[in-house]
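Undergrad: Before anything else, here's the structure in question.
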Amino acid sequence: MNLTDDQILGLAPDEASRKAGQGLAGPQKWVTLGASEAAVWGECQGSGSKPYQAAIDLGSTAFKCSCPSRKFPCKHGIGLGLLHARQPALFAATEAPAWVQEWIGRRARKEEEKTGQKETAVDTAAQQKRQEARAGKVADGIAELLSWIQDIIRGGLMQLPDKPPAFWEDAARRLVDAQAPGLAGMVRGLGETAFYKDGWQTGFLERLLDLYLVGKGFQGATELGEDTVQDLRARIGFPVSQETLKEQTGITDTWIVLGRRTFVEDNLTTERYWLWGLRSDRYALLLQFLVRGQPPTLLMQPGMHLEAELVFYPGSHPLRTIIKRQLPAAPARPEAGHDSWRSVVAIQAAASAAFPVQPERPFVVRGLTPVPAEGGWWLRDGAGDRMALPAGYPGLWKLLAWSGGAPLDLALVGKGQIYEPLGLWSQNQYHVL
Amino acid sequence: MEPWNALIDTALLGTSRRPLSPEALPPALRTALAMAPQATAEESFLQAAALLYNYRQCGLLPLRDPEAQLAPANPEELPYIGDAARKLLHAVLETGSAALLHLFLDRCSAAGQIVGPDVIPVLLDAALKDRSLRPPVFACCGARGAWLRSLNPEWKKMGEPVEEEDPWETGSLDQRREWLRNLRATDPAAARTHLQAAWPQENAAARAALLSALAINIGDDDLPWLTGLAGDKSVKVRDEVLALLKLVSGSELVQRYRAVLSRSVQIQVSRGVLGIGGKTTVSLQLTGMEEELYKTGIESLSGTRDTSDEQFVLYQLAASVPPSFWAEQLERPAEEAIALLAKEKATAFLLPAIATAALRFRDADWLRPVLAQDQKSLYSDAWLLLPQPEAEHYSTPRMKGPPGAELLQAALAHSRQEWGLPFATAVLRTLSADPYNYGKPFYSGLLPFLPAAAAPVLQALRQDTARHPYSAGAQQEYLLHLLGLKEQIQQHFNA
């Protein structure tokens, strides 16, 4: 396990677990400690007569504990991880006890079952019929959406700030009914525009054109290449079978987690992890959706390294992935990355040329210096080219503190001319901003 | 007009009011648009806009501006703290205890080390909220911290030297009084001169408020001016002057009090049988009290049945003259004089008055015998006058019950160093017995004064109180954590 103290503490579900975990990060609390290539484990003396058995799967950073806590990971898992990170010598390399072997074995079997699962006895005819029915519904929904967009353009954007929330929500609901959840989300995004801010028109029109392009693209899909069709389907919200994806060969690499963003809406938490392959120089996006109270399956922290085979969702410039296989990894020094903004915009331009509705993308750019200009802050590369930091970027002063006016190797996410730093490398270590 | 702006203008008004002219588009796009099938105005607009949108997107370049520069920070001259201290600092920041952070930064700067860049913004924000943190924060943030401060307008203000006389010229009344108090503490004459110079321009309320600052280091040098102000037309000013004159032993007012008291207190020696067993007592009889003195704050009527009006006047006079009066009047040193007064109920009631006088005229030699003789009264103000170990010694056996709270407040206000273990133990017991009134911030405020050796005491108290459903367990746990970190900080920087 290559997690630092901060990363382990970042896995704690709440402040109480963090503090309690820190209290258990001393050897005096643990009756036994041990480690193998696959796992570390220990028995922690609690209030009962029998010590709690805690273990961590080093491959996929998964936790197990026999305590009755509903928190995940519990304080014993956090304490065990901290102790291992701080004093690895306390963990004698030995054969795992039966309870650890059983747990690791069960996890491995489950994983195998998942990957080995075939879509048994699929009624292809029925499936085809379902897909056609869905495509029909989506086509109807898109026709209605395009008509709605035309109405907006005919009436003018000026009328929009006065529209009630129902104007956007009704349109989004119709798209949900049409089984196009991706488009519904884009419409809701339009409704969340800050109409009180100067210059809202540009951003709004760009998002409206994204919707228009996806809608028109879908209507003319028969004339488009397969990758572009996949881009369209992803934007509309057609599901992709993870089982099918896992049957494909992915890219095996040491991936560093560059950053994470969490969005909470109603009961659903969406976590976006941006990854970068140190050997392949590929960028990836992992999504995790959590309903309230549900323990996460992905336990990742920015700065963490993982050796994994990632399979990309199909598309012209694929970004979203799933983990097919994961192994323990040691931190490694990145070699690749971009040396200039020109190199970044070349990739952005190529992606936009293939499919104009592009999400934010992560990049690693070397030698960027924060500079003030035009009332804001920018990142200037060695050639004197600069891109803007988002207005009100919360990590600005931390970024400047690290820089001291000198160039930094940065991980960023963004598009157009605005990029938000996620982290930086200093003395071969990745630091989250 | 730039094509995108033309597009926005049309979009804002709507195609029903302003159709988009193809001429607004770049020539390269006009050709592409011409290939699109004929459509409605809205559809034509959307086609053109979508084309232009992606045209811009694909051709976007970064801004080239070699002029945008930022002068780099100076190189650091001091070494960074090590990994262990870095982790310790993060743990300190997590507690949210300003006292603990102060301790860490003091030790760090004393060790000639600086913190890593990642925590500098957090520390500068903390210094913004807590002025006392600024010197150690600035020292521990090194050249990088100074550079960052120069870039952030809010942080920059913290580092700017304040013009010495600025608050006096332009500050609020409270700021001016505070400034005058500070000057008075170091240069009493200069403070008086400043006030005298500003006097004609001030209104009565400001005069009274600023005069109060002269109570610090007041002395005979202030008498001529203050005596001259005694006839001021403002009642507020006159009251303040009176209060100040009462603090100067050489003032005419105090001398008049003294004269009355001198006439009223007599020593009497009764003869025993055959000259053996004679008794020395002090007789009190208010004699020659001037009516004028009742206008100087001496009340003529007692508010309680236990004290006669005469006793009450004598009490007030005793509280208003330097306690050395009693040595002269009773012809014996302080300890014996106080013991003599304490012997009889008829005179013992004066002891708290003499303690008040000892505090007013800052005479610890007269406070000590009063504290030793008078077990009934509580003298929390002893913390103002006595050296800390003596104040702790006086307070430790009195910490139980309500007096404990009063003594603790005084101790927190006037302690300058860590408490000894006996007093620290008494404080922890007091807090443990009263879990409702003291929260975590209060416990955190104890940290500078609690020695690390108090941890086992706290641990034992925690085990005792854990059995009770409503206990100070959470606060004690928190304080134990803080004490543990305090010990680590001391060990780390002492190593």
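Naming works like this for the structure tokens: A, B, ... for the chains as they're shown, residue 1 at the start of each chain, ligands 1 onward in shown order.
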For chain B, work out the contacting residues on chain A at 6 Å, counting only C-alpha atoms, and write them as a list of chain:residue names.
TA: A:Gln150, A:Ile153, A:Arg154, A:Gly155, A:Gly156, A:Leu157, A:Met158, A:Leu209, A:Ala349, A:Pro356, A:Val371, A:Gly384, A:Asp385, A:Arg386, A:Met387, A:Lys398, A:Ala401, A:Trp402, A:Gly404, A:Gly405
Undergrad: List the neighbours of Ala194 (chain A) out to 10 Å using only C-alpha atoms; skip same-chain residues closer than 5 positions along the sequence, and give me the result as a list of chain:residue names.
TA: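 The contact residues come out as A:Pro161, A:Gly199, A:Trp200, A:Gln201, A:Gly203, A:Phe204.
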Undergrad: Assign secondary structure with DSSP using the backbone only, and return the residues of region 196-247 of chain B in alpha helix (DSSP H) as an MDAnalysis selection string.
TA: chainID B and resid 196:198 204:211 223:229 235:245
Undergrad: With only C-alpha atoms as the basis for distance, which of B:Lys345, B:Arg398, B:Trp383, B:Arg86 is at the shortest distance from Asp6 (chain A)?
TA: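 Of B:Lys345, B:Arg398, B:Trp383, B:Arg86, the one nearest Asp6 (chain A), counting only C-alpha atoms, is B:Arg86.
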Undergrad: What separation in Å, quoted to one decimal, exists between CA of Gln301 (chain A) and CA of Leu33 (chain A)?
TA: 24.3 Å
Undergrad: Name all residues at most 6 Å from Leu368 (chain A) (count only C-alpha atoms; drop same-chain ones fewer than 3 positions away) and give them as a list of chain:residue names.
TA: A:Leu379, A:Arg380, A:Asp381, A:Pro407, A:Leu408
Undergrad: Write the selection just made, keeping N, CA and C atoms, as an mmCIF file, in the first residue's frame?
TA:
```
data_model
loop_
_atom_site.group_PDB
_atom_site.id
_atom_site.type_symbol
_atom_site.label_atom_id
_atom_site.label_comp_id
_atom_site.auth_asym_id
_atom_site.auth_seq_id
_atom_site.Cartn_x
_atom_site.Cartn_y
_atom_site.Cartn_z
ATOM 1 N N LEU A 379 -1.853 30.941 -15.891
ATOM 2 C CA LEU A 379 -0.719 30.014 -15.814
ATOM 3 C C LEU A 379 0.073 30.171 -17.107
ATOM 4 N N ARG A 380 1.315 30.631 -16.983
ATOM 5 C CA ARG A 380 2.127 30.898 -18.177
ATOM 6 C C ARG A 380 3.142 29.789 -18.374
ATOM 7 N N ASP A 381 3.238 29.321 -19.623
ATOM 8 C CA ASP A 381 4.226 28.272 -19.891
ATOM 9 C C ASP A 381 5.566 28.898 -20.287
ATOM 10 N N PRO A 407 8.370 28.092 -11.902
ATOM 11 C CA PRO A 407 7.482 27.183 -12.653
ATOM 12 C C PRO A 407 7.196 25.907 -11.869
ATOM 13 N N LEU A 408 5.991 25.364 -12.106
ATOM 14 C CA LEU A 408 5.564 24.128 -11.442
ATOM 15 C C LEU A 408 5.102 23.114 -12.476
#
```
Undergrad: So that I can check the surroundings of Val357 (chain A), please list as a CSV table (one decimal) with N, CA and C atoms, in the first residue's frame every protein, DNA and RNA residue that reaches within 10 Å of it, counting only C-alpha atoms and ignoring chain neighbours fewer than 2 positions away.
TA:
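Just written: part_15.csv:
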```csv
chain,number,residue,atom,x,y,z
A,206,GLU,N,-23.3,28.4,-25.7
A,206,GLU,CA,-22.5,27.3,-25.9
A,206,GLU,C,-23.1,26.0,-25.5
A,207,ARG,N,-23.7,26.0,-24.3
A,207,ARG,CA,-24.4,24.8,-23.7
A,207,ARG,C,-25.6,24.4,-24.6
A,209,LEU,N,-25.9,25.1,-27.7
A,209,LEU,CA,-25.4,24.5,-29.0
A,209,LEU,C,-24.9,23.1,-28.8
A,210,ASP,N,-24.4,22.8,-27.6
A,210,ASP,CA,-24.0,21.4,-27.3
A,210,ASP,C,-25.3,20.5,-27.5
A,211,LEU,N,-26.4,20.9,-26.9
A,211,LEU,CA,-27.6,20.1,-26.9
A,211,LEU,C,-28.1,20.0,-28.4
A,212,TYR,N,-28.0,21.1,-29.1
A,212,TYR,CA,-28.4,21.1,-30.5
A,212,TYR,C,-27.6,20.1,-31.3
A,213,LEU,N,-26.2,20.2,-31.1
A,213,LEU,CA,-25.3,19.3,-31.9
A,213,LEU,C,-25.6,17.9,-31.6
A,214,VAL,N,-25.8,17.5,-30.3
A,214,VAL,CA,-26.1,16.1,-30.0
A,214,VAL,C,-27.4,15.7,-30.6
A,231,ASP,N,-19.9,8.5,-29.1
A,231,ASP,CA,-19.8,9.8,-28.4
A,231,ASP,C,-21.2,10.3,-28.1
A,232,LEU,N,-22.0,10.2,-29.2
A,232,LEU,CA,-23.4,10.7,-29.1
A,232,LEU,C,-24.2,9.9,-28.1
A,235,ARG,N,-23.4,10.8,-24.6
A,235,ARG,CA,-24.0,12.1,-24.2
A,235,ARG,C,-25.5,12.0,-24.0
A,351,ALA,N,-9.8,16.7,-30.5
A,351,ALA,CA,-11.0,16.1,-29.9
A,351,ALA,C,-12.3,16.9,-30.4
A,352,SER,N,-12.2,18.2,-30.4
A,352,SER,CA,-13.4,19.0,-30.8
A,352,SER,C,-13.7,18.7,-32.3
A,353,ALA,N,-12.6,18.6,-33.1
A,353,ALA,CA,-12.9,18.3,-34.5
A,353,ALA,C,-13.6,17.0,-34.7
A,354,ALA,N,-13.2,16.0,-33.8
A,354,ALA,CA,-13.9,14.7,-34.0
A,354,ALA,C,-15.3,14.7,-33.4
A,355,PHE,N,-15.5,15.5,-32.3
A,355,PHE,CA,-16.8,15.5,-31.7
A,355,PHE,C,-16.9,16.8,-31.0
A,359,PRO,N,-16.2,17.3,-23.0
A,359,PRO,CA,-16.2,17.6,-21.6
A,359,PRO,C,-14.8,18.2,-21.2
B,54,ASN,N,-17.8,25.5,-33.0
B,54,ASN,CA,-16.7,24.5,-33.1
B,54,ASN,C,-15.5,25.1,-33.9
B,57,GLN,N,-13.7,26.8,-31.2
B,57,GLN,CA,-13.2,25.8,-30.3
B,57,GLN,C,-11.9,25.1,-30.9
```
